[in-house]
Amino acid sequence: MDLSLTAEELRFRDELRAWLEANVPEDWEQVREEALQDRFAFLRSWQRKLYDAGWAGASWPKEYGGRGASPMQQVIFWQEMARAAAPPMANALGLGLIGPTIIAFGTEAQKMRYLPKILSAEEIWCQGFSEPNAGSDLASLQAEARLDADHYIVNGQKVWTSYGWVADWCELVVRTDPNMPKHKGLTVLLVDMKTPGVVIRPLRQMTGEAEFNEVFFRDVRVPVENVVGKVNQGWDVAIGTLMHERGTFGAGLQILYKRNMDRLIELSRGIQRNARPASQDPIARQRLAQCYAEIEIMRLNQMRAFSRLSATGVPGPEGSIQKIFWSELNQRFQQVAQELLGPYGQLVGRDGHAIDKGVWSYGYLRARGNTIEAGTSEIQRNIIGHFVLGLPRSY
Amino acid sequence: MQFGLSESQEILKDSARKFFAGECPVSEVRRLMETETAYDPDLWRKLAEQGYTGIIFPEEYGGVGLGKVELILMMEEAGRALLPGPLFSTVALAGAVLDAVGTAEQKRKYLTPICRGEARSTLAMLEAAASWDPKDAQIEVLNGKLTGEKLFVPDALVADAIVVVARNGVFVVDAKDSGIKTAAMPAMDLTRKLYSVRFDSVPVEKLGNADGLAKGLDVATAALVGEMVGGMQRTLDTTVEYAKTRKQFGKPIGAFQAVQHQCADMYLETESSRSAVYYAAWALQENAPDAAVAVSIAKMYASDACRTVGNRGIQIHGGMGFTWENDLHLYYRRAKASETALGDATFHRERIARLVIDAGAAVAQGA
Ligand SMILES: Cc1cc2nc3c(=O)[nH]c(=O)nc-3n(C[C@H](O)[C@H](O)[C@H](O)COP(=O)(O)OP(=O)(O)OC[C@H]3O[C@@H](n4cnc5c(N)ncnc54)[C@H](O)[C@@H]3O)c2cc1C
C-alpha cells in the first residue's frame, strides 16, 4: 500500500492542477443555479474545453481520444476536479457507463466512431434500460428488435431515461429472441435518437424538473453494425454497464459532494443557533463532522476499489457498496443541510429569501431518487448478499 | 498510488492470521479471560519471537522497524482472534507514546525490553472525569513524585512500566514501585482487563517531549481501529456462515432479505472502516497533513460500526446468539470497550469539527 504519487502521477497531477487553476470558469457559481437547459449547455462547453486540453477520459485509450492514463490517474483526475471546485462534465452517462461498455465490448469501428465524440460532448448519451414493467427485474424487459436484412426494427418503450431530452445516442437493451429464457435473447443496440420513430416525452420528476424522459420506439430502424457484443448475449453487456454504474460512476460525485460540504460549512458560520453561529453549536458540529467524515470514507472506499480495478480490469459485484454509500450518504447530507438551514431550507429559487437560489431544496428532493436510480438500495444489498457473501438468492 | 496491500503486507497479514488462529484459538481466549489478568507468559514469548512486540520500533532497539500500516494489519488479525492480554497496551498504546515522546535514551531503556518480550507496559490516561483529551489531566508531578489516581488503565497488573499522562508532562513509572496500588475494575470486556491505579509519592521519569503525545495517541487509536476491523470481520464471517446453514421455514435464513440485507450492511460497515483505518495508518506513517483528521474519521466511523455490526450479528443468530456459549458476545463486549476507548464517535466528531470547521478552509483531501 502506497498512496504517495509516483513521479508520473505527480507530473499528471501538477499539470492538471495548473490547467484547472487557469481554466475553471469563474461564472460557474451563478450558472449552477440556472435552468436545466442553460446549465447543461454550460457544462457541455466546459467538457469540450477539458477534451481539447486532453483531460476528458483520462484513463481511456489514446487512439480514441483519451489520455491513456492508469485507473489511479483517473482517481487523481476526480480528486483534482473536486479540489478545484470544477464543474462536472456534461456527458455523465457517456463517460461513466457507455464509453467503458464500448471499450470493453465494442468493435474497433465502434470505438473509433463513438468514443471521441463521447469525450468531446459532441454526442450526448442516454441509457435505455428501464421499462414500465422492467425496473429492478431488468431482464424481463419487453422492447423488441426484429431483424430485417441489415437492420433491426425496434418497437417498445423505455422510461426514466435520464438525459433523454438532450441525448443524441442511446445504449438500448432490447429482446431479440422472445423464445429464450429471460436473461438470454437480449441484445444491446446503439441507437441514434434522431432516427424516425423515436419519440421522446419529458417526464416531470418530484423536483419539478424533467431531467428524465419516456422514450417510445415505433418501427425504429437500427443498422446491424450497431449491435454491441454478440446478438442474444446483451445481458453480459448490460451487466458490464451496470457494474460501472455501481462501482465506478460514484467517483465523479466527489466533486459535487465536496463542493456541497464546503458550502454548508461556510453557511454554518453565518447561521445562528442557540445565540451563536451554527458552526459553534455542539449539535450542528456533530452533524457536520459526521458528513465530512462520510464523504471522506466514500472517497477512500472508491480509491480502494480503483486499486482493485487496476489489478482486475473490471469492477466486480463488491462495487455495490459504493452505490449504497454515495446514495444513502447524500440523503443524510441533504437532511443535515435542511436541519441547519431551518425554514430557509425549503425555499425554492424564485423566492428572494432562498439561500443559494434554492439549490438546497432541490438537493434535498433530488437526493430522494439516489437510492432508486442506478439500481435500488434493496437490489444492491441483494447483490452483495448473493454475489459477494455467497448467501442464497432471495428472490 | 496503490491502495491495495503490497505482497509483503499480504504475507504479514496472512501469517499473523495463521499465527493467532494457531496459538490463540477461541478456546484459549475463553481460558485466559477467566484468569485474573488474561495474560499468558508463554503466548507472550511467542508474540515476541514473531517480532510482534517490536513491530513498529526501530531496529536499534531490537524492533522490526515496520510501518504503521503493518501495525494496523497485525492488530486487525489480533482483533479477529480476539487476542487477550497486553499486546495492544504494550505495543500500540504505551509503546507508540514512548516512541513519540521519549528521548533516544529513554526509547532504548523502555522499548528494548518490550521488543525482546521481557517487559510489558501500559498507558494511564483517564481520571475520574474520564476525558480523552490529554489537556484535562489533573494529576500532577511535584518534586519528581507522582500522587493521585488513574482509572481505566488496561492491563496495569502485568505492566512493568506505566506511562502516565499528567498535567505537567508525560512520565513513566516503575509499575512495581511500592507506592502503587492497583485494583481491578471489572468490566464488560473479559479479554482486556481494566484497573484503577493509585500513586502515592511515586518517583517518576519525565519523558522527553510531550508534544509528541498527540501523534502517539493517534497511532494507538489507529491500531485500536485496526483491531476493531478484525473483530467486525470475524463477526461478519461467523454470521454469514450461520445464515447459510441455519434453516427455518424450509430454507436457509440467509435467503430472507431481512437477514441478507443486514449481512450486506455488515459488509459495507466493515469495508468502510477498513478503508478509513488503512488510510489513517498510511497518513500517520507519511506524516500527511490530514493524518489527525484521518485517524478521527476512522475511529468515529468504526466506533459506531463495530457496535452495529455486533448488533446485527447477534440478531441474526437468534436465541443462539444470546447464549454464553456462542462467541459473538465476546466480540460484542470488546466492541463496546473499544468504542469508548480513546474517544467514542461523539468525541471524534468534535475533534474533526475542530480540525476542519474551526481551521477555516476544509482540509485538502488526499493527493
Ligand atoms: C432519478 C432517476 C434516474 C433514472 N435514470 C435512468 C436511466 O437513465 N436509464 C434507465 O434505464 N433507468 C433509469 N432510472 C430507472 C431506475 O433504474 C429504476 O427506477 C430502478 O431500477 C427501479 O426500478 P422500478 O422503478 O421499476 O422499481 P421496481 O423494480 O418496481 O421496485 C419497486 C420497489 O421494490 C423493490 N424491489 C424490487 N425487486 C426487489 C427484490 N428482488 N428484492 C427486494 N426489493 C425489490 C425495489 O427496491 C423498490 O423499492 C432512473 C430512476 C431514477 C429515480
# chains A, B, ... in the order shown; residues from 1 in each chain; ligands from 1
call {"tool": "residues_around", "arguments": {"residues": "Trp165 (chain A)", "least_positions_apart": "4", "cutoff": "12 Å", "atoms": "only C-alpha atoms", "output": "PyMOL selection string"}}
result
chain A and resi 36-37+40+124-127+160-161+169-170+193-194+198-204+209-215
call {"tool": "interface_residues", "arguments": {"of": "chain B", "to": "chain A", "cutoff": "7 Å", "atoms": "only C-alpha atoms", "output": "list in words"}}
result
Met1, Gln2, Phe3, Gly4, Leu5, Ser6, Lys244, Gly254, Ala255, Phe256, Gln257, Gln260, His261, Cys263, Ala264, Leu268, Ser272, Ser275, Ala276, Ile297, Thr346, Arg349, Glu350, Ile352, Ala353, Ile357 and Ala362 of chain B
call {"tool": "residues_around", "arguments": {"residues": "Gln50 (chain B)", "least_positions_apart": "3", "cutoff": "10 Å", "atoms": "only C-alpha atoms", "output": "list in words"}}
result
Ser15, Ala16, Phe19, Trp44, Arg45, Lys46, Leu47, Thr53, Gly54, Ile55 and Val64 of chain B
call {"tool": "write_last_selection", "arguments": {"atoms": "N, CA, C and O atoms", "output": "mmCIF file, in the first residue's frame"}}
result
data_model
loop_
_atom_site.group_PDB
_atom_site.id
_atom_site.type_symbol
_atom_site.label_atom_id
_atom_site.label_comp_id
_atom_site.auth_asym_id
_atom_site.auth_seq_id
_atom_site.Cartn_x
_atom_site.Cartn_y
_atom_site.Cartn_z
ATOM 1 N N SER B 15 0.296 -14.372 7.665
ATOM 2 C CA SER B 15 0.983 -15.177 8.673
ATOM 3 C C SER B 15 0.499 -14.786 10.067
ATOM 4 O O SER B 15 0.438 -15.640 10.952
ATOM 5 N N ALA B 16 0.130 -13.524 10.260
ATOM 6 C CA ALA B 16 -0.436 -13.131 11.557
ATOM 7 C C ALA B 16 -1.750 -13.872 11.789
ATOM 8 O O ALA B 16 -2.016 -14.378 12.880
ATOM 9 N N PHE B 19 -0.935 -17.374 12.672
ATOM 10 C CA PHE B 19 -0.306 -17.442 13.989
ATOM 11 C C PHE B 19 -1.367 -17.327 15.094
ATOM 12 O O PHE B 19 -1.417 -18.148 16.010
ATOM 13 N N TRP B 44 3.000 -14.761 25.334
ATOM 14 C CA TRP B 44 3.744 -13.507 25.196
ATOM 15 C C TRP B 44 5.122 -13.747 24.582
ATOM 16 O O TRP B 44 5.562 -13.021 23.700
ATOM 17 N N ARG B 45 5.753 -14.814 25.022
ATOM 18 C CA ARG B 45 7.074 -15.153 24.487
ATOM 19 C C ARG B 45 6.971 -15.422 22.984
ATOM 20 O O ARG B 45 7.785 -14.955 22.186
ATOM 21 N N LYS B 46 5.917 -16.119 22.599
ATOM 22 C CA LYS B 46 5.751 -16.428 21.167
ATOM 23 C C LYS B 46 5.466 -15.157 20.361
ATOM 24 O O LYS B 46 5.931 -15.023 19.230
ATOM 25 N N LEU B 47 4.703 -14.244 20.944
ATOM 26 C CA LEU B 47 4.425 -12.971 20.253
ATOM 27 C C LEU B 47 5.739 -12.232 19.989
ATOM 28 O O LEU B 47 5.949 -11.669 18.916
ATOM 29 N N THR B 53 5.947 -7.814 19.219
ATOM 30 C CA THR B 53 6.042 -6.809 20.291
ATOM 31 C C THR B 53 6.960 -5.651 19.895
ATOM 32 O O THR B 53 6.959 -4.604 20.529
ATOM 33 N N GLY B 54 7.735 -5.862 18.817
ATOM 34 C CA GLY B 54 8.626 -4.782 18.378
ATOM 35 C C GLY B 54 8.318 -4.320 16.969
ATOM 36 O O GLY B 54 9.158 -3.690 16.328
ATOM 37 N N ILE B 55 7.106 -4.622 16.521
ATOM 38 C CA ILE B 55 6.804 -4.473 15.090
ATOM 39 C C ILE B 55 7.108 -3.085 14.523
ATOM 40 O O ILE B 55 7.669 -2.963 13.450
ATOM 41 N N VAL B 64 11.424 -4.397 14.814
ATOM 42 C CA VAL B 64 11.395 -4.865 13.434
ATOM 43 C C VAL B 64 11.399 -3.678 12.466
ATOM 44 O O VAL B 64 11.715 -3.815 11.288
#
call {"tool": "select_by_dssp", "arguments": {"residues": "region 96-147 of chain A", "states": "strand (DSSP E)", "output": "PyMOL selection string"}}
result
chain A and resi 125-128+144-147
call {"tool": "select_by_dssp", "arguments": {"residues": "region 158-276 of chain B", "states": "helix (DSSP H, G or I)", "output": "PyMOL selection string"}}
result
chain B and resi 158+210-245+253-255+257-276
call {"tool": "atom_distance", "arguments": {"atom1": "CA of Leu71 (chain B)", "atom2": "CA of Met188 (chain B)"}}
result
25.7 Å
call {"tool": "residues_around", "arguments": {"residues": "region 86-89 of chain B", "least_positions_apart": "6", "cutoff": "8 Å", "atoms": "only C-alpha atoms", "output": "mmCIF file with N, CA, C and O atoms, in the first residue's frame"}}
result
data_model
loop_
_atom_site.group_PDB
_atom_site.id
_atom_site.type_symbol
_atom_site.label_atom_id
_atom_site.label_comp_id
_atom_site.auth_asym_id
_atom_site.auth_seq_id
_atom_site.Cartn_x
_atom_site.Cartn_y
_atom_site.Cartn_z
ATOM 1 N N TYR B 39 -3.425 -12.693 30.887
ATOM 2 C CA TYR B 39 -2.061 -12.684 30.344
ATOM 3 C C TYR B 39 -1.451 -14.069 30.455
ATOM 4 O O TYR B 39 -1.577 -14.721 31.487
ATOM 5 N N THR B 53 5.947 -7.814 19.219
ATOM 6 C CA THR B 53 6.042 -6.809 20.291
ATOM 7 C C THR B 53 6.960 -5.651 19.895
ATOM 8 O O THR B 53 6.959 -4.604 20.529
ATOM 9 N N MET B 75 -2.703 -5.784 14.096
ATOM 10 C CA MET B 75 -3.790 -5.585 15.066
ATOM 11 C C MET B 75 -5.116 -6.112 14.519
ATOM 12 O O MET B 75 -5.953 -6.614 15.255
ATOM 13 N N GLY B 95 3.694 1.808 23.984
ATOM 14 C CA GLY B 95 4.847 1.762 23.091
ATOM 15 C C GLY B 95 4.828 2.913 22.098
ATOM 16 O O GLY B 95 5.842 3.586 21.884
ATOM 17 N N ARG B 120 6.353 -5.547 29.704
ATOM 18 C CA ARG B 120 5.071 -5.071 29.217
ATOM 19 C C ARG B 120 4.831 -3.676 29.781
ATOM 20 O O ARG B 120 5.435 -3.290 30.789
ATOM 21 N N SER B 121 3.961 -2.964 29.106
ATOM 22 C CA SER B 121 3.747 -1.588 29.518
ATOM 23 C C SER B 121 2.301 -1.197 29.266
ATOM 24 O O SER B 121 1.557 -1.920 28.588
ATOM 25 N N THR B 122 1.909 -0.058 29.823
ATOM 26 C CA THR B 122 0.557 0.430 29.548
ATOM 27 C C THR B 122 0.537 1.939 29.727
ATOM 28 O O THR B 122 1.535 2.539 30.163
ATOM 29 N N LEU B 123 -0.586 2.518 29.368
ATOM 30 C CA LEU B 123 -0.736 3.968 29.444
ATOM 31 C C LEU B 123 -1.845 4.306 30.426
ATOM 32 O O LEU B 123 -2.958 3.772 30.326
ATOM 33 N N PRO B 154 -5.611 -0.140 31.106
ATOM 34 C CA PRO B 154 -5.655 -1.536 30.649
ATOM 35 C C PRO B 154 -4.405 -2.297 31.063
ATOM 36 O O PRO B 154 -3.297 -1.744 31.039
ATOM 37 N N ASP B 155 -4.604 -3.537 31.460
ATOM 38 C CA ASP B 155 -3.500 -4.473 31.704
ATOM 39 C C ASP B 155 -2.458 -3.961 32.700
ATOM 40 O O ASP B 155 -1.286 -4.367 32.638
ATOM 41 N N VAL B 158 -0.115 -6.441 34.782
ATOM 42 C CA VAL B 158 1.013 -7.180 34.191
ATOM 43 C C VAL B 158 2.052 -6.239 33.592
ATOM 44 O O VAL B 158 3.005 -6.670 32.946
ATOM 45 N N ARG B 192 -9.640 -7.928 28.057
ATOM 46 C CA ARG B 192 -8.701 -6.814 28.281
ATOM 47 C C ARG B 192 -9.075 -6.203 29.628
ATOM 48 O O ARG B 192 -10.063 -5.490 29.731
ATOM 49 N N ALA B 223 -4.378 1.908 15.653
ATOM 50 C CA ALA B 223 -4.163 0.484 15.939
ATOM 51 C C ALA B 223 -5.419 -0.142 16.536
ATOM 52 O O ALA B 223 -5.800 -1.264 16.191
ATOM 53 N N LEU B 224 -6.064 0.610 17.401
ATOM 54 C CA LEU B 224 -7.296 0.111 18.010
ATOM 55 C C LEU B 224 -8.375 -0.089 16.936
ATOM 56 O O LEU B 224 -9.091 -1.092 16.942
#
call {"tool": "residues_around", "arguments": {"residues": "Leu213 (chain B)", "least_positions_apart": "3", "cutoff": "8 Å", "atoms": "only C-alpha atoms", "output": "PyMOL selection string"}}
result
chain B and resi 97+100-101+170+210+216-217
call {"tool": "write_last_selection", "arguments": {"atoms": "C-alpha atoms", "output": "tab-separated table (two decimals), in the first residue's frame"}}
result
chain	number	residue	atom	x	y	z
B	97	VAL	CA	3.54	7.01	23.08
B	100	ALA	CA	6.61	9.51	20.09
B	101	VAL	CA	7.66	11.34	23.26
B	170	VAL	CA	4.24	12.64	30.25
B	210	ALA	CA	5.23	15.84	25.50
B	216	GLY	CA	1.46	8.74	19.81
B	217	LEU	CA	-2.21	8.65	20.75
call {"tool": "atom_distance", "arguments": {"atom1": "CA of Gly185 (chain A)", "atom2": "CA of Arg246 (chain A)"}}
result
24.0 Å
call {"tool": "residues_around", "arguments": {"residues": "Leu115 (chain A)", "least_positions_apart": "4", "cutoff": "9 Å", "atoms": "only C-alpha atoms", "output": "list of chain:residue names"}}
result
A:Trp60, A:Tyr64, A:Gly65, A:Gly66, A:Gly94, A:Leu95, A:Gly99, A:Ile102, A:Ile103, A:Gln110, A:Lys111, A:Leu119, A:Ser120
call {"tool": "write_last_selection", "arguments": {"atoms": "N, CA, C and O atoms", "output": "compact mmCIF listing (two decimals), in the first residue's frame"}}
result
# COMPACT_ATOMS: atom_id res chain seq x y z
N TRP A 60 -8.94 6.59 -20.70
CA TRP A 60 -9.33 5.93 -21.96
C TRP A 60 -8.13 5.86 -22.89
O TRP A 60 -7.24 6.71 -22.85
N TYR A 64 -8.54 6.61 -29.05
CA TYR A 64 -9.95 7.03 -29.11
C TYR A 64 -10.15 8.38 -28.43
O TYR A 64 -11.25 8.71 -27.99
N GLY A 65 -9.08 9.14 -28.32
CA GLY A 65 -9.24 10.49 -27.79
C GLY A 65 -8.96 10.62 -26.31
O GLY A 65 -9.06 11.71 -25.75
N GLY A 66 -8.64 9.49 -25.66
CA GLY A 66 -8.32 9.56 -24.23
C GLY A 66 -6.86 9.92 -24.00
O GLY A 66 -6.15 10.27 -24.94
N GLY A 94 -22.32 8.92 -20.81
CA GLY A 94 -21.38 8.54 -21.85
C GLY A 94 -20.01 8.24 -21.26
O GLY A 94 -19.38 7.22 -21.57
N LEU A 95 -19.56 9.12 -20.38
CA LEU A 95 -18.24 8.97 -19.78
C LEU A 95 -18.18 7.83 -18.78
O LEU A 95 -17.23 7.07 -18.74
N GLY A 99 -19.26 4.69 -22.52
CA GLY A 99 -17.90 4.61 -23.05
C GLY A 99 -17.18 3.36 -22.57
O GLY A 99 -16.69 2.56 -23.39
N ILE A 102 -18.45 0.34 -24.36
CA ILE A 102 -17.97 0.22 -25.75
C ILE A 102 -16.50 -0.20 -25.75
O ILE A 102 -16.09 -1.04 -26.56
N ILE A 103 -15.73 0.34 -24.80
CA ILE A 103 -14.32 -0.06 -24.72
C ILE A 103 -14.20 -1.56 -24.45
O ILE A 103 -13.40 -2.26 -25.05
N GLN A 110 -16.62 0.64 -33.91
CA GLN A 110 -17.49 1.35 -32.95
C GLN A 110 -16.67 2.25 -32.04
O GLN A 110 -17.05 3.38 -31.74
N LYS A 111 -15.54 1.74 -31.62
CA LYS A 111 -14.70 2.55 -30.71
C LYS A 111 -14.25 3.83 -31.42
O LYS A 111 -14.32 4.92 -30.85
N LEU A 119 -16.23 11.85 -25.49
CA LEU A 119 -15.30 12.66 -24.70
C LEU A 119 -15.45 14.14 -24.98
O LEU A 119 -15.32 14.97 -24.09
N SER A 120 -15.73 14.48 -26.23
CA SER A 120 -15.82 15.90 -26.58
C SER A 120 -17.19 16.48 -26.27
O SER A 120 -17.42 17.67 -26.44
call {"tool": "closest_residue", "arguments": {"among": "A:Ile295, A:Ala53, A:Leu16, A:Val188", "to": "Gly106 (chain A)", "atoms": "only C-alpha atoms"}}
result
A:Val188
call {"tool": "atom_distance", "arguments": {"atom1": "atom 51 (C, counted along the ligand's line) of ligand 1", "atom2": "CA of Ser162 (chain A)"}}
result
7.6 Å
call {"tool": "closest_residue", "arguments": {"among": "B:Arg30, B:Ser178, B:Lys193, B:Arg108", "to": "Gly85 (chain B)", "atoms": "only C-alpha atoms"}}
result
B:Lys193
